[in-house]
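Source file entry_0.json; content: JSON, C-alpha atoms.
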[["chain", "number", "residue", "atom", "x", "y", "z"],
["A", 1, "MET", "CA", 17.69, -89.74, 48.64],
["A", 2, "SER", "CA", 16.17, -91.53, 45.71],
["A", 3, "GLY", "CA", 12.64, -92.25, 44.66],
["A", 4, "LYS", "CA", 11.13, -95.53, 43.96],
["A", 5, "ASP", "CA", 12.13, -95.41, 40.33],
["A", 6, "GLY", "CA", 15.72, -94.65, 41.11],
["A", 7, "THR", "CA", 15.57, -90.97, 40.19],
["A", 8, "PRO", "CA", 16.77, -88.38, 42.62],
["A", 9, "GLY", "CA", 14.01, -86.91, 44.71],
["A", 10, "THR", "CA", 13.37, -83.30, 45.69],
["A", 11, "SER", "CA", 12.03, -83.66, 49.15],
["A", 12, "GLY", "CA", 15.44, -83.99, 50.73],
["A", 13, "ASN", "CA", 16.92, -80.83, 49.15],
["A", 14, "PRO", "CA", 14.68, -77.77, 48.55],
["A", 15, "LEU", "CA", 17.33, -76.09, 46.38],
["A", 16, "ARG", "CA", 17.12, -78.69, 43.67],
["A", 17, "ARG", "CA", 14.59, -78.52, 40.95],
["A", 18, "GLU", "CA", 13.72, -80.92, 38.28],
["A", 19, "LEU", "CA", 14.79, -79.83, 34.86],
["A", 20, "PRO", "CA", 12.16, -79.87, 32.13],
["A", 21, "ASP", "CA", 12.35, -82.64, 29.66],
["A", 22, "GLU", "CA", 14.79, -81.88, 26.94],
["A", 23, "VAL", "CA", 13.26, -80.75, 23.69],
["A", 24, "ALA", "CA", 14.57, -82.61, 20.75],
["A", 25, "ALA", "CA", 16.25, -80.33, 18.29],
["A", 26, "GLN", "CA", 14.37, -80.03, 15.06],
["A", 27, "ALA", "CA", 16.36, -80.89, 12.06],
["A", 28, "PRO", "CA", 16.21, -78.40, 9.23],
["A", 29, "ALA", "CA", 13.98, -79.29, 6.37],
["A", 30, "GLU", "CA", 15.49, -81.28, 3.61],
["A", 31, "GLY", "CA", 17.14, -79.06, 1.07],
["A", 32, "ALA", "CA", 17.28, -76.02, 3.40],
["A", 33, "GLU", "CA", 20.58, -74.27, 3.68],
["A", 34, "PRO", "CA", 22.26, -73.86, 7.06],
["A", 35, "GLY", "CA", 21.22, -70.59, 8.72],
["A", 36, "THR", "CA", 17.89, -70.39, 6.82],
["A", 37, "PRO", "CA", 15.02, -69.36, 9.17],
["A", 38, "VAL", "CA", 12.66, -72.17, 9.99],
["A", 39, "ALA", "CA", 9.17, -71.85, 8.63],
["A", 40, "ALA", "CA", 6.44, -70.72, 11.02],
["A", 41, "ALA", "CA", 4.54, -73.96, 10.71],
["A", 42, "GLU", "CA", 7.65, -75.98, 11.62],
["A", 43, "ARG", "CA", 8.75, -73.71, 14.47],
["A", 44, "GLY", "CA", 5.37, -72.96, 15.91],
["A", 45, "GLY", "CA", 5.82, -69.12, 15.96],
["A", 46, "PRO", "CA", 6.20, -66.01, 13.73],
["A", 47, "PRO", "CA", 8.89, -66.30, 11.09],
["A", 48, "ALA", "CA", 12.28, -64.81, 11.88],
["A", 49, "LEU", "CA", 13.14, -61.66, 9.86],
["A", 50, "THR", "CA", 16.28, -61.30, 7.84],
["A", 51, "GLY", "CA", 18.66, -58.40, 8.38],
["A", 52, "ARG", "CA", 17.36, -56.56, 5.30],
["A", 53, "GLN", "CA", 13.75, -56.98, 6.41],
["A", 54, "ARG", "CA", 14.54, -55.63, 9.86],
["A", 55, "LEU", "CA", 16.29, -52.57, 8.27],
["A", 56, "VAL", "CA", 13.29, -51.85, 6.02],
["A", 57, "LYS", "CA", 10.89, -52.25, 8.93],
["A", 58, "GLY", "CA", 12.94, -49.79, 11.01],
["A", 59, "LEU", "CA", 13.02, -47.15, 8.28],
["A", 60, "TRP", "CA", 9.45, -47.34, 6.97],
["A", 61, "PRO", "CA", 7.00, -46.03, 7.85],
["A", 62, "PRO", "CA", 9.07, -43.08, 9.17],
["A", 63, "ARG", "CA", 8.46, -42.04, 12.75],
["A", 64, "VAL", "CA", 8.73, -38.22, 12.81],
["A", 65, "SER", "CA", 8.26, -36.27, 16.00],
["A", 66, "ARG", "CA", 6.76, -32.80, 16.13],
["A", 67, "ALA", "CA", 10.14, -31.20, 16.89],
["A", 68, "GLN", "CA", 11.75, -32.92, 13.90],
["A", 69, "LEU", "CA", 8.94, -31.73, 11.64],
["A", 70, "ILE", "CA", 9.37, -28.11, 12.80],
["A", 71, "VAL", "CA", 13.14, -28.26, 12.24],
["A", 72, "ALA", "CA", 12.59, -29.68, 8.75],
["A", 73, "LEU", "CA", 10.17, -26.85, 7.86],
["A", 74, "LEU", "CA", 12.61, -24.22, 9.14],
["A", 75, "LEU", "CA", 15.46, -25.71, 7.12],
["A", 76, "PHE", "CA", 13.27, -25.78, 4.01],
["A", 77, "GLY", "CA", 12.34, -22.11, 4.47],
["A", 78, "LEU", "CA", 15.99, -21.16, 4.98],
["A", 79, "GLY", "CA", 17.06, -23.02, 1.86],
["A", 80, "PHE", "CA", 14.29, -21.45, -0.21],
["A", 81, "GLY", "CA", 15.26, -17.95, 0.97],
["A", 82, "LEU", "CA", 18.91, -18.52, 0.12],
["A", 83, "ALA", "CA", 17.96, -19.79, -3.34],
["A", 84, "VAL", "CA", 15.83, -16.67, -4.01],
["A", 85, "GLN", "CA", 18.61, -14.38, -2.81],
["A", 86, "VAL", "CA", 21.20, -16.08, -5.01],
["A", 87, "ALA", "CA", 18.88, -15.85, -8.02],
["A", 88, "SER", "CA", 18.23, -12.14, -7.35],
["A", 89, "THR", "CA", 21.94, -11.41, -7.01],
["A", 90, "SER", "CA", 22.61, -13.25, -10.26],
["A", 91, "ASP", "CA", 20.01, -11.11, -12.06],
["A", 92, "ASP", "CA", 21.51, -7.88, -10.69],
["A", 93, "ASP", "CA", 25.00, -8.90, -11.75],
["A", 94, "GLY", "CA", 23.90, -9.91, -15.25],
["A", 95, "ALA", "CA", 24.37, -6.42, -16.66],
["A", 96, "LEU", "CA", 27.88, -6.14, -15.24],
["A", 97, "ARG", "CA", 29.02, -9.50, -16.59],
["A", 98, "GLY", "CA", 28.58, -8.30, -20.14],
["A", 99, "ALA", "CA", 30.18, -4.90, -19.55],
["A", 100, "ARG", "CA", 33.47, -3.99, -21.14],
["A", 101, "GLN", "CA", 36.60, -3.53, -19.09],
["A", 102, "GLU", "CA", 36.62, 0.24, -19.53],
["A", 103, "ASP", "CA", 32.99, 0.41, -18.39],
["A", 104, "LEU", "CA", 33.80, -1.57, -15.24],
["A", 105, "VAL", "CA", 36.74, 0.72, -14.54],
["A", 106, "ARG", "CA", 34.48, 3.75, -14.92],
["A", 107, "ILE", "CA", 31.93, 2.26, -12.51],
["A", 108, "LEU", "CA", 34.64, 1.61, -9.93],
["A", 109, "ASP", "CA", 35.92, 5.16, -10.33],
["A", 110, "GLU", "CA", 32.41, 6.48, -9.78],
["A", 111, "LEU", "CA", 32.06, 4.46, -6.58],
["A", 112, "ASP", "CA", 35.41, 5.76, -5.36],
["A", 113, "ASP", "CA", 34.32, 9.33, -6.09],
["A", 114, "ARG", "CA", 31.10, 8.86, -4.15],
["A", 115, "THR", "CA", 33.00, 7.45, -1.20],
["A", 116, "GLN", "CA", 35.40, 10.37, -1.29],
["A", 117, "ARG", "CA", 32.53, 12.83, -1.44],
["A", 118, "LEU", "CA", 30.89, 11.29, 1.62],
["A", 119, "GLU", "CA", 34.20, 11.42, 3.47],
["A", 120, "GLU", "CA", 34.53, 15.11, 2.62],
["A", 121, "GLU", "CA", 31.01, 15.82, 3.92],
["A", 122, "LYS", "CA", 31.83, 13.94, 7.11],
["A", 123, "GLN", "CA", 35.03, 15.93, 7.55],
["A", 124, "GLY", "CA", 33.13, 19.18, 6.99],
["A", 125, "LEU", "CA", 30.63, 18.34, 9.72],
["A", 126, "GLU", "CA", 33.42, 17.43, 12.10],
["A", 127, "ASP", "CA", 35.14, 20.75, 11.38],
["A", 128, "GLN", "CA", 31.93, 22.63, 12.15],
["A", 129, "ARG", "CA", 31.61, 20.82, 15.44],
["A", 130, "THR", "CA", 35.22, 21.65, 16.30],
["A", 131, "GLU", "CA", 34.68, 25.33, 15.49],
["A", 132, "LEU", "CA", 31.65, 25.45, 17.74],
["A", 133, "GLU", "CA", 33.51, 23.79, 20.57],
["A", 134, "ASN", "CA", 36.65, 25.94, 20.30],
["A", 135, "SER", "CA", 35.19, 29.31, 19.33],
["A", 136, "SER", "CA", 35.58, 32.05, 21.94],
["A", 137, "ASP", "CA", 32.22, 33.43, 20.92],
["A", 138, "GLN", "CA", 30.13, 30.35, 20.29],
["A", 139, "ALA", "CA", 26.92, 32.33, 19.86],
["A", 140, "GLU", "CA", 28.38, 34.38, 16.99],
["A", 141, "GLU", "CA", 29.85, 31.30, 15.37],
["A", 142, "ALA", "CA", 26.49, 29.57, 15.65],
["A", 143, "ARG", "CA", 24.76, 32.52, 13.93],
["A", 144, "LYS", "CA", 27.28, 32.38, 11.06],
["A", 145, "GLN", "CA", 26.76, 28.69, 10.60],
["A", 146, "THR", "CA", 23.00, 29.15, 10.78],
["A", 147, "ALA", "CA", 23.08, 31.79, 8.03],
["A", 148, "GLU", "CA", 25.26, 29.53, 5.87],
["A", 149, "LYS", "CA", 22.97, 26.60, 6.50],
["A", 150, "GLU", "CA", 19.98, 28.73, 5.53],
["A", 151, "LYS", "CA", 21.56, 29.41, 2.13],
["A", 152, "GLN", "CA", 22.28, 25.75, 1.61],
["A", 153, "LEU", "CA", 18.74, 24.76, 2.53],
["A", 154, "GLY", "CA", 17.40, 27.51, 0.24],
["A", 155, "ILE", "CA", 19.30, 25.95, -2.66],
["A", 156, "LEU", "CA", 17.92, 22.50, -1.84],
["A", 157, "ALA", "CA", 14.40, 23.87, -1.40],
["A", 158, "GLY", "CA", 14.63, 25.84, -4.65],
["A", 159, "THR", "CA", 13.89, 29.21, -3.04],
["A", 160, "VAL", "CA", 17.22, 30.81, -4.04],
["A", 161, "ALA", "CA", 19.23, 30.73, -7.27],
["A", 162, "ALA", "CA", 22.44, 28.75, -7.52],
["A", 163, "GLN", "CA", 25.47, 28.63, -9.76],
["A", 164, "GLY", "CA", 28.49, 26.38, -10.14],
["A", 165, "PRO", "CA", 30.06, 23.68, -12.31],
["A", 166, "GLY", "CA", 27.98, 20.85, -13.64],
["A", 167, "ILE", "CA", 26.49, 19.36, -16.79],
["A", 168, "THR", "CA", 23.67, 19.88, -19.24],
["A", 169, "LEU", "CA", 21.54, 16.93, -20.35],
["A", 170, "THR", "CA", 19.45, 17.31, -23.50],
["A", 171, "ILE", "CA", 16.89, 14.68, -24.51],
["A", 172, "ASP", "CA", 15.47, 15.11, -28.00],
["A", 173, "ASP", "CA", 12.31, 12.99, -28.27],
["A", 174, "GLU", "CA", 10.98, 13.49, -31.79],
["A", 175, "LYS", "CA", 8.84, 10.31, -31.73],
["A", 176, "GLY", "CA", 7.30, 11.05, -28.33],
["A", 177, "THR", "CA", 8.37, 7.76, -26.76],
["A", 178, "VAL", "CA", 9.99, 9.20, -23.62],
["A", 179, "GLU", "CA", 7.57, 9.10, -20.73],
["A", 180, "ALA", "CA", 7.60, 10.59, -17.24],
["A", 181, "ASP", "CA", 9.17, 7.56, -15.58],
["A", 182, "LYS", "CA", 12.26, 7.81, -17.82],
["A", 183, "LEU", "CA", 12.80, 11.45, -16.86],
["A", 184, "LEU", "CA", 12.30, 10.56, -13.20],
["A", 185, "ASP", "CA", 14.99, 7.87, -13.51],
["A", 186, "ALA", "CA", 17.38, 10.49, -14.88],
["A", 187, "ILE", "CA", 16.63, 12.84, -11.95],
["A", 188, "GLN", "CA", 17.17, 10.10, -9.39],
["A", 189, "GLU", "CA", 20.44, 9.01, -11.00],
["A", 190, "LEU", "CA", 21.70, 12.60, -10.96],
["A", 191, "ARG", "CA", 20.77, 13.00, -7.30],
["A", 192, "ALA", "CA", 22.56, 9.76, -6.44],
["A", 193, "ALA", "CA", 25.67, 11.06, -8.24],
["A", 194, "GLY", "CA", 25.73, 14.23, -6.10],
["A", 195, "ALA", "CA", 23.61, 16.78, -8.00],
["A", 196, "GLU", "CA", 22.93, 19.77, -5.75],
["A", 197, "ALA", "CA", 20.54, 21.75, -7.98],
["A", 198, "ILE", "CA", 18.49, 20.62, -11.00],
["A", 199, "GLN", "CA", 16.31, 22.55, -13.40],
["A", 200, "VAL", "CA", 14.31, 21.02, -16.27],
["A", 201, "ASN", "CA", 12.84, 23.32, -18.95],
["A", 202, "GLY", "CA", 12.48, 26.19, -16.50],
["A", 203, "VAL", "CA", 11.06, 24.13, -13.62],
["A", 204, "ARG", "CA", 13.11, 23.74, -10.43],
["A", 205, "ILE", "CA", 13.43, 20.17, -9.16],
["A", 206, "VAL", "CA", 13.05, 19.80, -5.38],
["A", 207, "ALA", "CA", 12.63, 16.95, -2.93],
["A", 208, "GLY", "CA", 8.88, 16.75, -3.40],
["A", 209, "THR", "CA", 8.88, 16.96, -7.22],
["A", 210, "TYR", "CA", 6.55, 14.59, -9.06],
["A", 211, "LEU", "CA", 6.22, 13.87, -12.80],
["A", 212, "THR", "CA", 3.16, 12.73, -14.75],
["A", 213, "ASP", "CA", 2.48, 11.92, -18.37],
["A", 214, "GLU", "CA", 0.57, 14.53, -20.36],
["A", 215, "SER", "CA", -0.65, 14.61, -23.93],
["A", 216, "GLY", "CA", 2.29, 15.72, -26.05],
["A", 217, "GLY", "CA", 4.75, 15.90, -23.15],
["A", 218, "VAL", "CA", 5.32, 15.55, -19.42],
["A", 219, "ALA", "CA", 4.11, 17.57, -16.43],
["A", 220, "VAL", "CA", 6.59, 18.47, -13.66],
["A", 221, "ASP", "CA", 4.76, 19.41, -10.46],
["A", 222, "GLY", "CA", 1.76, 20.27, -12.63],
["A", 223, "ASN", "CA", 3.77, 22.37, -15.12],
["A", 224, "LYS", "CA", 3.61, 20.89, -18.60],
["A", 225, "ILE", "CA", 6.88, 20.71, -20.52],
["A", 226, "SER", "CA", 7.63, 19.23, -23.93],
["A", 227, "ALA", "CA", 10.63, 17.85, -25.78],
["A", 228, "PRO", "CA", 13.44, 18.57, -26.14],
["A", 229, "TYR", "CA", 13.95, 18.18, -22.39],
["A", 230, "ARG", "CA", 16.90, 20.27, -21.16],
["A", 231, "PHE", "CA", 18.41, 19.53, -17.76],
["A", 232, "LYS", "CA", 20.69, 22.06, -16.04],
["A", 233, "VAL", "CA", 22.51, 20.29, -13.22],
["A", 234, "ILE", "CA", 24.99, 21.71, -10.69],
["A", 235, "GLY", "CA", 27.44, 19.24, -9.21],
["A", 236, "LYS", "CA", 30.80, 17.59, -9.84],
["A", 237, "PRO", "CA", 30.93, 16.91, -13.59],
["A", 238, "GLN", "CA", 33.37, 14.02, -13.09],
["A", 239, "ASP", "CA", 30.66, 12.24, -11.09],
["A", 240, "LEU", "CA", 27.52, 13.31, -12.97],
["A", 241, "GLU", "CA", 28.50, 12.41, -16.53],
["A", 242, "PRO", "CA", 29.75, 8.84, -15.83],
["A", 243, "ALA", "CA", 26.64, 8.15, -13.76],
["A", 244, "LEU", "CA", 24.47, 8.75, -16.83],
["A", 245, "ASN", "CA", 26.67, 6.74, -19.19],
["A", 246, "ILE", "CA", 27.12, 3.52, -17.21],
["A", 247, "PRO", "CA", 26.07, 0.32, -19.05],
["A", 248, "GLY", "CA", 22.33, -0.10, -18.81],
["A", 249, "GLY", "CA", 22.00, 3.41, -17.36],
["A", 250, "VAL", "CA", 20.00, 6.49, -18.28],
["A", 251, "VAL", "CA", 21.58, 7.22, -21.67],
["A", 252, "GLN", "CA", 21.31, 3.65, -22.97],
["A", 253, "THR", "CA", 17.72, 3.36, -21.74],
["A", 254, "LEU", "CA", 16.69, 6.58, -23.48],
["A", 255, "GLU", "CA", 18.45, 5.56, -26.68],
["A", 256, "LYS", "CA", 16.44, 2.32, -26.67],
["A", 257, "GLU", "CA", 13.36, 4.58, -26.71],
["A", 258, "GLN", "CA", 14.80, 6.09, -29.94],
["A", 259, "ALA", "CA", 15.63, 9.38, -28.23],
["A", 260, "THR", "CA", 18.78, 11.41, -28.87],
["A", 261, "VAL", "CA", 20.75, 12.18, -25.70],
["A", 262, "THR", "CA", 23.55, 14.74, -25.31],
["A", 263, "VAL", "CA", 25.61, 15.28, -22.15],
["A", 264, "ASP", "CA", 28.02, 18.25, -21.87],
["A", 265, "ARG", "CA", 30.28, 19.36, -19.06],
["A", 266, "ILE", "CA", 30.00, 23.07, -18.20],
["A", 267, "ASP", "CA", 32.30, 25.10, -15.94],
["A", 268, "LYS", "CA", 29.53, 27.45, -14.80],
["A", 269, "ILE", "CA", 25.84, 26.69, -14.80],
["A", 270, "VAL", "CA", 23.16, 29.01, -13.44],
["A", 271, "VAL", "CA", 20.01, 27.46, -12.01],
["A", 272, "ASP", "CA", 17.65, 30.40, -11.57],
["A", 273, "ALA", "CA", 14.19, 28.82, -11.59],
["A", 274, "LEU", "CA", 12.73, 29.47, -8.13],
["A", 275, "ARG", "CA", 10.06, 27.96, -5.94],
["A", 276, "PRO", "CA", 8.01, 30.11, -3.57],
["A", 277, "ALA", "CA", 8.73, 29.54, 0.09],
["A", 278, "LYS", "CA", 5.69, 27.91, 1.66],
["A", 279, "GLN", "CA", 4.65, 28.53, 5.23],
["A", 280, "PRO", "CA", 3.61, 25.24, 6.86],
["A", 281, "ASP", "CA", 0.02, 25.11, 8.05],
["A", 282, "TYR", "CA", 0.61, 23.16, 11.24],
["A", 283, "ALA", "CA", 4.34, 22.62, 11.88],
["A", 284, "ARG", "CA", 6.10, 25.19, 14.06],
["A", 285, "SER", "CA", 9.67, 25.42, 15.32],
["A", 286, "SER", "CA", 10.17, 23.73, 18.67],
["A", 287, "SER", "CA", 13.11, 25.97, 19.66],
["A", 288, "GLN", "CA", 12.43, 28.66, 22.27]]
Once you've parsed the file, please lay out its structure as structure tokens.
Amino acid sequence: MSGKDGTPGTSGNPLRRELPDEVAAQAPAEGAEPGTPVAAAERGGPPALTGRQRLVKGLWPPRVSRAQLIVALLLFGLGFGLAVQVASTSDDDGALRGARQEDLVRILDELDDRTQRLEEEKQGLEDQRTELENSSDQAEEARKQTAEKEKQLGILAGTVAAQGPGITLTIDDEKGTVEADKLLDAIQELRAAGAEAIQVNGVRIVAGTYLTDESGGVAVDGNKISAPYRFKVIGKPQDLEPALNIPGGVVQTLEKEQATVTVDRIDKIVVDALRPAKQPDYARSSSQ
């Protein structure tokens, strides 16, 4: 069915719709290259963005969620901690990098000796446990081990005299530059190397020993001593002497203070300076 003007009508068929008038295509401006976005004034809308502009717009300003910010902070903290650890390790290894080959070999030997000593102590404890488990008279065996342990603790506590192989360490400080902290470093190094009994100028060194600077010398547990400082040390000489002579160790540090240091190995050393046994004021044995 047609209208009066000859165009198809819509009343006869509800499915048909009139198409909108065709919009004439706008020709690109003179001189514009094919594919160039049409200006806003010519197109009647916002200008089209190029691919680079869309990329920049997607990246900036950054859109960071709270979870992403927390992860970034954690990663920063982890990286900072690793950097500090690497720097600290590098500082600790600086002294070894400049050491001679024979010094490095001596340090490795010392570490091997310490490992062997710990293995021997472990084996000794295991043997004691086996003896207690297999002894026909466990009570008697326990009393023997208790008496032996009492002697060992007396040596460590300084209440009984001790003798055995070891070394002597003499520090001659004519200029008075050696202070208490340097002597304390020597004591700690000797203990780490396996020293079992130490005596300095007639004063027994125990677990609670403290050193302070005094006019004209050093005080050990309140007892003033003066140079030359003579150490009598019981332990394995093959471990004690190298521990003092490692690069950057006790001997080199004292020599930088213009002190004269002498270390001698002795087959038999007697440590006879004693400490009085103190009765604790409050602690009591919990055994019945």
task: Rank A:Asn245, A:Gln279, A:Gln238, A:Thr260 by their smallest atom-to-atom distance to Asp112 in chain A, using only C-alpha atoms, and report the top residue only.
output: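 Under the stated criterion, the closest residue is A:Gln238.
Each of A:Gly217, A:Gly124, A:Pro165, A:Gly158 was compared to Ile205 in chain A using all atoms listed in the file, and A:Gly158 turns out to be the nearest.
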Polymer residues at most 12 Å from range 172-179 of chain A, only C-alpha atoms, same-chain spacing of 2 or more positions, as a PDB file with C-alpha atoms, in the coordinates of the input:
ATOM      1  CA  LEU A 169      21.540  16.930 -20.350  1.00  0.00           C
ATOM      2  CA  THR A 170      19.450  17.310 -23.500  1.00  0.00           C
ATOM      3  CA  ASP A 181       9.170   7.560 -15.580  1.00  0.00           C
ATOM      4  CA  LYS A 182      12.260   7.810 -17.820  1.00  0.00           C
ATOM      5  CA  LEU A 183      12.800  11.450 -16.860  1.00  0.00           C
ATOM      6  CA  LEU A 184      12.300  10.560 -13.200  1.00  0.00           C
ATOM      7  CA  ASP A 185      14.990   7.870 -13.510  1.00  0.00           C
ATOM      8  CA  ALA A 186      17.380  10.490 -14.880  1.00  0.00           C
ATOM      9  CA  LEU A 211       6.220  13.870 -12.800  1.00  0.00           C
ATOM     10  CA  THR A 212       3.160  12.730 -14.750  1.00  0.00           C
ATOM     11  CA  ASP A 213       2.480  11.920 -18.370  1.00  0.00           C
ATOM     12  CA  GLU A 214       0.570  14.530 -20.360  1.00  0.00           C
ATOM     13  CA  SER A 215      -0.650  14.610 -23.930  1.00  0.00           C
ATOM     14  CA  GLY A 216       2.290  15.720 -26.050  1.00  0.00           C
ATOM     15  CA  GLY A 217       4.750  15.900 -23.150  1.00  0.00           C
ATOM     16  CA  VAL A 218       5.320  15.550 -19.420  1.00  0.00           C
ATOM     17  CA  ALA A 219       4.110  17.570 -16.430  1.00  0.00           C
ATOM     18  CA  VAL A 220       6.590  18.470 -13.660  1.00  0.00           C
ATOM     19  CA  ILE A 225       6.880  20.710 -20.520  1.00  0.00           C
ATOM     20  CA  SER A 226       7.630  19.230 -23.930  1.00  0.00           C
ATOM     21  CA  ALA A 227      10.630  17.850 -25.780  1.00  0.00           C
ATOM     22  CA  PRO A 228      13.440  18.570 -26.140  1.00  0.00           C
ATOM     23  CA  TYR A 229      13.950  18.180 -22.390  1.00  0.00           C
ATOM     24  CA  ARG A 230      16.900  20.270 -21.160  1.00  0.00           C
ATOM     25  CA  PHE A 231      18.410  19.530 -17.760  1.00  0.00           C
ATOM     26  CA  VAL A 250      20.000   6.490 -18.280  1.00  0.00           C
ATOM     27  CA  VAL A 251      21.580   7.220 -21.670  1.00  0.00           C
ATOM     28  CA  THR A 253      17.720   3.360 -21.740  1.00  0.00           C
ATOM     29  CA  LEU A 254      16.690   6.580 -23.480  1.00  0.00           C
ATOM     30  CA  GLU A 255      18.450   5.560 -26.680  1.00  0.00           C
ATOM     31  CA  LYS A 256      16.440   2.320 -26.670  1.00  0.00           C
ATOM     32  CA  GLU A 257      13.360   4.580 -26.710  1.00  0.00           C
ATOM     33  CA  GLN A 258      14.800   6.090 -29.940  1.00  0.00           C
ATOM     34  CA  ALA A 259      15.630   9.380 -28.230  1.00  0.00           C
ATOM     35  CA  THR A 260      18.780  11.410 -28.870  1.00  0.00           C
ATOM     36  CA  VAL A 261      20.750  12.180 -25.700  1.00  0.00           C
ATOM     37  CA  THR A 262      23.550  14.740 -25.310  1.00  0.00           C
ATOM     38  CA  VAL A 263      25.610  15.280 -22.150  1.00  0.00           C
TER      39      VAL A 263
END
task: Considering only C-alpha atoms, state which residue in the set A:Ala142, A:Ile198, A:Leu49, A:Leu132 is at the smallest distance from Gly164 in chain A.
output: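 That would be A:Ile198, the residue with the smallest distance to Gly164 in chain A.
Across the model, the gap from CA of Lys224 in chain A to CA of Gly166 in chain A is 24.9 Å.
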message: One decimal, in Å: what's the spacing between CA of Glu131 in chain A and CA of Lys149 in chain A?
response: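 Going from CA of Glu131 in chain A over to CA of Lys149 in chain A covers 14.8 Å.
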Edge lengths and centre in Å to one decimal, as AutoDock Vina command-line options, of the axis-aligned box that encloses all listed atoms of range 143-148 of chain A with 6 Å added on every side?
--center_x 25.1 --center_y 30.6 --center_z 9.9 --size_x 16.3 --size_y 15.8 --size_z 20.1
